[in-house]
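Pasting work.tsv here (TSV, C-alpha atoms):
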```
chain	number	residue	atom	x	y	z
A	10	MET	CA	-8.58	9.60	-8.50
A	11	GLY	CA	-7.76	10.24	-12.14
A	12	LYS	CA	-6.34	7.31	-14.06
A	13	ILE	CA	-4.99	5.51	-10.99
A	14	LYS	CA	-7.16	2.47	-10.27
A	15	ALA	CA	-4.81	0.28	-8.24
A	16	VAL	CA	-1.81	0.32	-5.92
A	17	SER	CA	0.87	-2.33	-5.60
A	18	LEU	CA	2.90	-2.35	-2.41
A	19	ASP	CA	6.16	-3.96	-1.40
A	20	CYS	CA	5.95	-6.05	1.78
A	21	ALA	CA	9.20	-6.36	3.78
A	22	GLY	CA	10.17	-2.91	5.06
A	23	THR	CA	6.99	-1.38	3.64
A	24	LEU	CA	4.08	-3.30	5.15
A	25	LEU	CA	5.87	-5.61	7.57
A	26	ARG	CA	8.81	-5.22	9.91
A	27	ILE	CA	10.87	-8.44	9.64
A	28	ASP	CA	12.94	-9.94	12.44
A	29	TRP	CA	14.08	-13.31	11.12
A	30	GLN	CA	17.45	-14.76	10.16
A	31	PRO	CA	17.34	-18.49	9.38
A	32	SER	CA	20.41	-19.80	11.22
A	33	ALA	CA	19.90	-17.61	14.30
A	34	PHE	CA	16.26	-18.67	14.42
A	35	ALA	CA	17.17	-22.36	14.13
A	36	VAL	CA	19.71	-22.14	16.95
A	37	GLY	CA	17.17	-20.37	19.15
A	38	ILE	CA	14.62	-23.12	18.55
A	39	VAL	CA	16.87	-26.00	19.61
A	40	GLU	CA	18.08	-24.05	22.63
A	41	GLU	CA	14.49	-23.41	23.71
A	42	LEU	CA	13.95	-27.17	23.59
A	43	GLY	CA	16.86	-27.72	25.95
A	44	PHE	CA	19.73	-28.59	23.61
A	45	GLU	CA	23.12	-27.05	24.25
A	46	VAL	CA	25.00	-26.10	21.09
A	47	ASP	CA	28.03	-24.06	20.16
A	48	ARG	CA	26.16	-21.10	18.66
A	49	PRO	CA	28.77	-19.89	16.12
A	50	ASP	CA	29.46	-23.43	14.96
A	51	ALA	CA	25.77	-24.35	14.78
A	52	ARG	CA	24.95	-21.22	12.78
A	53	SER	CA	27.87	-21.82	10.43
A	54	ARG	CA	26.73	-25.40	9.78
A	55	TYR	CA	23.16	-24.29	9.13
A	56	ASP	CA	24.26	-21.53	6.75
A	57	ALA	CA	26.48	-23.98	4.84
A	58	ILE	CA	23.63	-26.47	4.38
A	59	LEU	CA	21.27	-23.72	3.27
A	60	ARG	CA	23.73	-22.31	0.73
A	61	ARG	CA	24.36	-25.74	-0.75
A	62	ARG	CA	20.69	-26.58	-1.06
A	63	TRP	CA	19.37	-23.12	-2.02
A	64	PRO	CA	19.10	-23.90	-5.77
A	65	ASP	CA	16.64	-26.67	-4.86
A	66	TYR	CA	14.53	-24.17	-2.92
A	67	LEU	CA	14.47	-21.78	-5.86
A	68	ARG	CA	13.15	-24.56	-8.10
A	69	LEU	CA	10.53	-25.57	-5.54
A	70	ASN	CA	9.22	-22.02	-5.25
A	71	LEU	CA	8.47	-22.01	-8.97
A	72	THR	CA	5.91	-24.76	-8.34
A	73	LYS	CA	4.06	-22.47	-5.89
A	74	ASP	CA	3.56	-25.58	-3.75
A	75	GLN	CA	3.70	-24.45	-0.12
A	76	LEU	CA	3.87	-28.00	1.23
A	77	ALA	CA	6.80	-28.88	-1.02
A	78	CYS	CA	8.63	-25.74	0.08
A	79	GLN	CA	7.91	-26.57	3.70
A	80	GLY	CA	9.41	-29.99	3.06
A	81	PHE	CA	12.63	-28.30	1.98
A	82	TRP	CA	13.02	-26.63	5.38
A	83	GLU	CA	12.25	-29.93	7.09
A	84	GLU	CA	15.03	-31.62	5.14
A	85	VAL	CA	17.48	-28.80	5.92
A	86	THR	CA	16.61	-29.09	9.61
A	87	ALA	CA	16.99	-32.86	9.60
A	88	GLU	CA	20.45	-32.65	8.03
A	89	TRP	CA	21.47	-29.89	10.43
A	90	ILE	CA	20.44	-31.64	13.65
A	91	SER	CA	22.20	-34.76	12.44
A	92	ASP	CA	25.39	-32.70	12.04
A	93	LEU	CA	24.90	-31.45	15.62
A	94	SER	CA	24.28	-34.99	16.94
A	95	ILE	CA	20.77	-34.08	18.09
A	96	PRO	CA	18.63	-37.26	18.09
A	97	ASP	CA	16.58	-37.72	14.92
A	98	GLY	CA	13.65	-38.62	17.14
A	99	ARG	CA	13.38	-34.99	18.19
A	100	LEU	CA	12.96	-33.70	14.64
A	101	THR	CA	9.17	-33.50	14.87
A	102	ASP	CA	9.34	-31.54	18.13
A	103	ILE	CA	11.83	-29.11	16.59
A	104	LEU	CA	9.76	-28.61	13.45
A	105	GLU	CA	6.52	-28.06	15.33
A	106	HIS	CA	8.14	-25.61	17.73
A	107	ALA	CA	9.73	-23.72	14.85
A	108	ASP	CA	6.45	-23.46	12.95
A	109	ALA	CA	4.63	-22.18	16.03
A	110	ARG	CA	7.35	-19.62	16.70
A	111	LEU	CA	7.41	-18.37	13.12
A	112	PHE	CA	3.77	-18.56	12.07
A	113	GLY	CA	1.76	-19.19	15.23
A	114	PRO	CA	-0.60	-16.72	16.95
A	115	PHE	CA	2.13	-15.46	19.27
A	116	GLN	CA	4.85	-15.03	16.65
A	117	THR	CA	6.98	-11.88	16.85
A	118	HIS	CA	8.96	-12.10	13.61
A	119	PHE	CA	6.50	-10.33	11.29
A	120	SER	CA	4.66	-7.20	12.42
A	121	PRO	CA	2.86	-4.44	10.49
A	122	TYR	CA	4.19	-0.91	10.87
A	123	CYS	CA	1.84	1.37	12.79
A	124	ASP	CA	0.88	3.33	9.67
A	125	VAL	CA	-0.05	0.30	7.58
A	126	LEU	CA	-3.60	-0.56	8.62
A	127	PRO	CA	-4.85	3.07	8.59
A	128	ALA	CA	-3.30	3.53	5.14
A	129	LEU	CA	-4.85	0.35	3.75
A	130	GLU	CA	-8.26	1.26	5.15
A	131	ALA	CA	-8.07	4.68	3.52
A	132	LEU	CA	-6.94	3.31	0.17
A	133	ARG	CA	-9.68	0.71	0.16
A	134	ALA	CA	-12.31	3.25	1.16
A	135	ALA	CA	-11.20	5.39	-1.78
A	136	GLY	CA	-12.01	2.50	-4.10
A	137	LEU	CA	-8.46	1.62	-5.04
A	138	ARG	CA	-7.58	-2.00	-5.79
A	139	LEU	CA	-4.61	-3.33	-3.84
A	140	ALA	CA	-1.92	-5.96	-4.38
A	141	ILE	CA	1.43	-6.94	-2.89
A	142	LEU	CA	4.53	-7.18	-5.08
A	143	SER	CA	7.46	-8.42	-3.01
A	144	ASN	CA	10.90	-9.96	-3.37
A	145	TRP	CA	10.02	-12.88	-1.10
A	146	ASP	CA	9.52	-16.63	-1.17
A	147	VAL	CA	6.36	-18.74	-0.98
A	148	THR	CA	5.98	-17.93	2.74
A	149	LEU	CA	4.82	-14.41	1.81
A	150	HIS	CA	1.25	-15.71	1.80
A	151	ARG	CA	1.50	-17.10	5.34
A	152	ALA	CA	3.19	-13.93	6.60
A	153	ILE	CA	0.43	-11.63	5.37
A	154	SER	CA	-2.23	-14.03	6.59
A	155	ILE	CA	-0.96	-14.27	10.18
A	156	THR	CA	-0.61	-10.48	10.36
A	157	ASP	CA	-4.21	-9.98	9.15
A	158	LEU	CA	-3.22	-8.15	5.98
A	159	ALA	CA	-4.34	-10.68	3.37
A	160	GLY	CA	-7.94	-9.48	3.30
A	161	TYR	CA	-6.94	-6.07	1.97
A	162	PHE	CA	-5.34	-7.41	-1.20
A	163	GLU	CA	-6.65	-8.98	-4.38
A	164	PHE	CA	-3.43	-10.97	-4.72
A	165	ALA	CA	0.16	-11.18	-3.53
A	166	ILE	CA	3.09	-11.84	-5.85
A	167	ALA	CA	6.23	-13.39	-4.37
A	168	SER	CA	9.25	-13.04	-6.64
A	169	LEU	CA	10.62	-16.53	-6.00
A	170	GLU	CA	7.34	-18.02	-7.19
A	171	GLU	CA	7.70	-16.13	-10.46
A	172	GLY	CA	11.42	-16.68	-11.00
A	173	VAL	CA	12.10	-12.97	-11.40
A	174	GLU	CA	12.72	-10.19	-8.87
A	175	LYS	CA	12.28	-6.44	-8.70
A	176	PRO	CA	13.62	-4.26	-10.27
A	177	ASP	CA	13.29	-6.54	-13.33
A	178	PRO	CA	10.52	-5.09	-15.54
A	179	ALA	CA	9.06	-8.57	-16.01
A	180	ILE	CA	7.71	-8.83	-12.47
A	181	PHE	CA	5.99	-5.46	-12.72
A	182	GLN	CA	4.37	-6.65	-15.95
A	183	ILE	CA	3.19	-9.83	-14.20
A	184	MET	CA	1.53	-7.65	-11.59
A	185	MET	CA	-0.16	-5.39	-14.14
A	186	ASP	CA	-1.36	-8.37	-16.17
A	187	ARG	CA	-2.89	-9.87	-13.04
A	188	PHE	CA	-4.71	-6.62	-12.36
A	189	GLY	CA	-5.68	-6.38	-16.03
A	190	LEU	CA	-4.49	-2.76	-16.00
A	191	THR	CA	-1.87	-0.62	-17.75
A	192	VAL	CA	1.14	1.30	-16.46
A	193	ASP	CA	-0.96	4.47	-16.35
A	194	GLU	CA	-3.50	2.86	-14.03
A	195	VAL	CA	-1.28	1.33	-11.32
A	196	ILE	CA	1.07	3.03	-8.87
A	197	HIS	CA	3.79	1.20	-6.94
A	198	VAL	CA	5.08	1.96	-3.45
A	199	GLY	CA	8.03	0.49	-1.59
A	200	ASP	CA	10.93	1.22	0.72
A	201	ASP	CA	13.74	0.26	-1.67
A	202	LEU	CA	14.80	3.13	-3.92
A	203	ILE	CA	16.19	0.81	-6.60
A	204	ASP	CA	13.96	-2.27	-6.47
A	205	ASP	CA	10.70	-0.43	-5.91
A	206	TYR	CA	10.90	3.18	-7.05
A	207	ARG	CA	13.34	2.91	-9.95
A	208	GLY	CA	12.04	-0.51	-10.90
A	209	ALA	CA	8.51	0.81	-11.29
A	210	LYS	CA	9.62	3.99	-13.03
A	211	GLY	CA	11.66	1.84	-15.41
A	212	VAL	CA	8.48	0.32	-16.85
A	213	GLY	CA	6.69	3.67	-17.06
A	214	MET	CA	4.70	3.44	-13.83
A	215	LYS	CA	4.20	6.21	-11.34
A	216	ALA	CA	5.81	5.36	-8.00
A	217	PHE	CA	6.56	6.57	-4.49
A	218	HIS	CA	9.54	5.76	-2.32
A	219	LEU	CA	8.59	5.11	1.32
A	220	ASP	CA	11.32	6.41	3.63
A	221	ARG	CA	10.16	6.38	7.25
A	222	ARG	CA	13.41	8.07	8.29
A	223	SER	CA	12.16	11.23	6.59
A	224	THR	CA	10.35	13.85	8.62
A	225	LYS	CA	8.16	15.07	5.78
A	226	SER	CA	6.48	13.61	2.72
A	227	GLU	CA	7.59	15.56	-0.31
A	228	GLY	CA	7.70	14.89	-4.03
A	229	PHE	CA	8.12	11.18	-4.72
A	230	ARG	CA	9.19	10.45	-1.11
A	231	LEU	CA	6.71	9.42	1.59
A	232	ALA	CA	7.56	9.72	5.28
A	233	ARG	CA	4.47	7.72	6.26
A	234	LEU	CA	2.32	5.25	4.38
A	235	THR	CA	-0.73	7.18	5.60
A	236	ASP	CA	0.36	10.04	3.32
A	237	LEU	CA	-0.02	7.86	0.24
A	238	LEU	CA	-3.66	8.55	-0.57
A	239	GLU	CA	-3.15	12.31	-0.53
A	240	ALA	CA	-0.01	11.88	-2.63
A	241	ILE	CA	-1.99	9.92	-5.21
A	242	ARG	CA	-4.68	12.58	-5.28
A	243	SER	CA	-2.04	15.27	-5.82
A	244	LEU	CA	-1.09	13.59	-9.10
A	245	ASP	CA	-4.41	14.57	-10.68
```
For the file at hand, write its structure as structure tokens.
Amino acid sequence: MGKIKAVSLDCAGTLLRIDWQPSAFAVGIVEELGFEVDRPDARSRYDAILRRRWPDYLRLNLTKDQLACQGFWEEVTAEWISDLSIPDGRLTDILEHADARLFGPFQTHFSPYCDVLPALEALRAAGLRLAILSNWDVTLHRAISITDLAGYFEFAIASLEEGVEKPDPAIFQIMMDRFGLTVDEVIHVGDDLIDDYRGAKGVGMKAFHLDRRSTKSEGFRLARLTDLLEAIRSLD
């Protein structure tokens, strides 16, 4: 495999298909529990609370404390249902239902693309070390766990936990330091041309841009993640 010893992969849009928007999700939860709300108004109120409190969430992510970050969402929900005149006594029901919907065994908001597991199996069988490098919050770890991806990776780096996002060179350096490898030994793959491909190239790494809209893998562009191993071998 030449100098390449490890692969870092983006998550959202690369490994996982994401179907989650906070205010729409929140409205759906209370409606499923039998509350009638004005959807546009309820979403607007939720978005306003989240915008106002977002700096607090950014600070909490830096602690890498999942329980503290979960507490943030509980506080946002409590303020929101109070605005909607939903009884405070139903907060626990709402929170438990939301957690089950988002991270429970029957969740539908995070799903691996069909080419992901075969690609990871092939990369692992080839002896390559794997990590996730994603612009995400602390919930990245739960998302990869519930979709059975965590076992393939040595570690997962969520940008909000580090206080820096791709394409900033600093987050790529964090990843390489955690591997204990150099830019010549790690290759990065992701679906965002700027954050992933150009970000990695900007620090001197080799990189591939995953574009599932393409019909053919060619050059630095991959049409399928299952083409990655062959693409890495072609670099030798």
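Checking A:Asp92, A:Asp193, A:Asp50, A:Asp146 one by one against Cys78 in chain A, counting all atoms listed in the file, you find the shortest gap at A:Asp146.
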Closest of A:Gly11, A:Pro64, A:Gly98, A:Pro31 to Gly172 in chain A - atom-to-atom distances counting only C-alpha atoms: A:Pro64
Quick check, in Å to one decimal: how far apart do CA of Cys20 in chain A and CA of Arg60 in chain A lie? 24.1 Å
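Nearest residue to Ser168 in chain A, choosing from A:Gly189, A:His150, A:Gln30, A:Gly213 and counting all atoms listed in the file: A:His150.
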If we count all atoms listed in the file, what is near Phe229 in chain A at a cut-off of 9 Å, once residues fewer than 3 positions away on the same chain are taken out, given as an NGL selection string? :A and (206 or 216-219 or 226 or 240)
Serialized selection, C-alpha atoms, as a short mmCIF file (atom, residue, chain, number, x, y, z; two decimals), in the frame of the given file:
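The result, stored in result-v2.cif:
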```cif
data_model
loop_
_atom_site.label_atom_id
_atom_site.label_comp_id
_atom_site.auth_asym_id
_atom_site.auth_seq_id
_atom_site.Cartn_x
_atom_site.Cartn_y
_atom_site.Cartn_z
CA TYR A 206 10.90 3.18 -7.05
CA ALA A 216 5.81 5.36 -8.00
CA PHE A 217 6.56 6.57 -4.49
CA HIS A 218 9.54 5.76 -2.32
CA LEU A 219 8.59 5.11 1.32
CA SER A 226 6.48 13.61 2.72
CA ALA A 240 -0.01 11.88 -2.63
#
```
CA of Leu139 in chain A sits from CA of Met185 in chain A at a separation of 11.4 Å
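When all atoms listed in the file are used to measure the gap to Ala107 in chain A, the shortest distance among A:Val39, A:Ala159, A:Ala51, A:Leu25 belongs to A:Val39.
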With distances taken over only C-alpha atoms, which of A:Arg207, A:Arg54, A:Lys215, A:Arg221 is nearest to Ile241 in chain A? A:Lys215
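For the pair CA of Ala87 in chain A and CA of Leu42 in chain A, the interatomic distance is 15.4 Å.
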Excluding Leu126 in chain A and residues on its chain fewer than 3 positions from it, collect all residues at most 10 Å away from it, counting only C-alpha atoms, and give them as a PDB file with C-alpha atoms, in the frame of the given file.
```pdb
ATOM      1  CA  LEU A  24       4.080  -3.300   5.150  1.00  0.00           C
ATOM      2  CA  PRO A 121       2.860  -4.440  10.490  1.00  0.00           C
ATOM      3  CA  TYR A 122       4.190  -0.910  10.870  1.00  0.00           C
ATOM      4  CA  CYS A 123       1.840   1.370  12.790  1.00  0.00           C
ATOM      5  CA  LEU A 129      -4.850   0.350   3.750  1.00  0.00           C
ATOM      6  CA  GLU A 130      -8.260   1.260   5.150  1.00  0.00           C
ATOM      7  CA  ALA A 131      -8.070   4.680   3.520  1.00  0.00           C
ATOM      8  CA  LEU A 132      -6.940   3.310   0.170  1.00  0.00           C
ATOM      9  CA  ASP A 157      -4.210  -9.980   9.150  1.00  0.00           C
ATOM     10  CA  LEU A 158      -3.220  -8.150   5.980  1.00  0.00           C
ATOM     11  CA  TYR A 161      -6.940  -6.070   1.970  1.00  0.00           C
ATOM     12  CA  LEU A 234       2.320   5.250   4.380  1.00  0.00           C
ATOM     13  CA  THR A 235      -0.730   7.180   5.600  1.00  0.00           C
TER      14      THR A 235
END
```
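Nearest residue to Leu69 in chain A among A:Glu40, A:Glu45, A:Asp205, A:Glu170 is A:Glu170, counting only C-alpha atoms.
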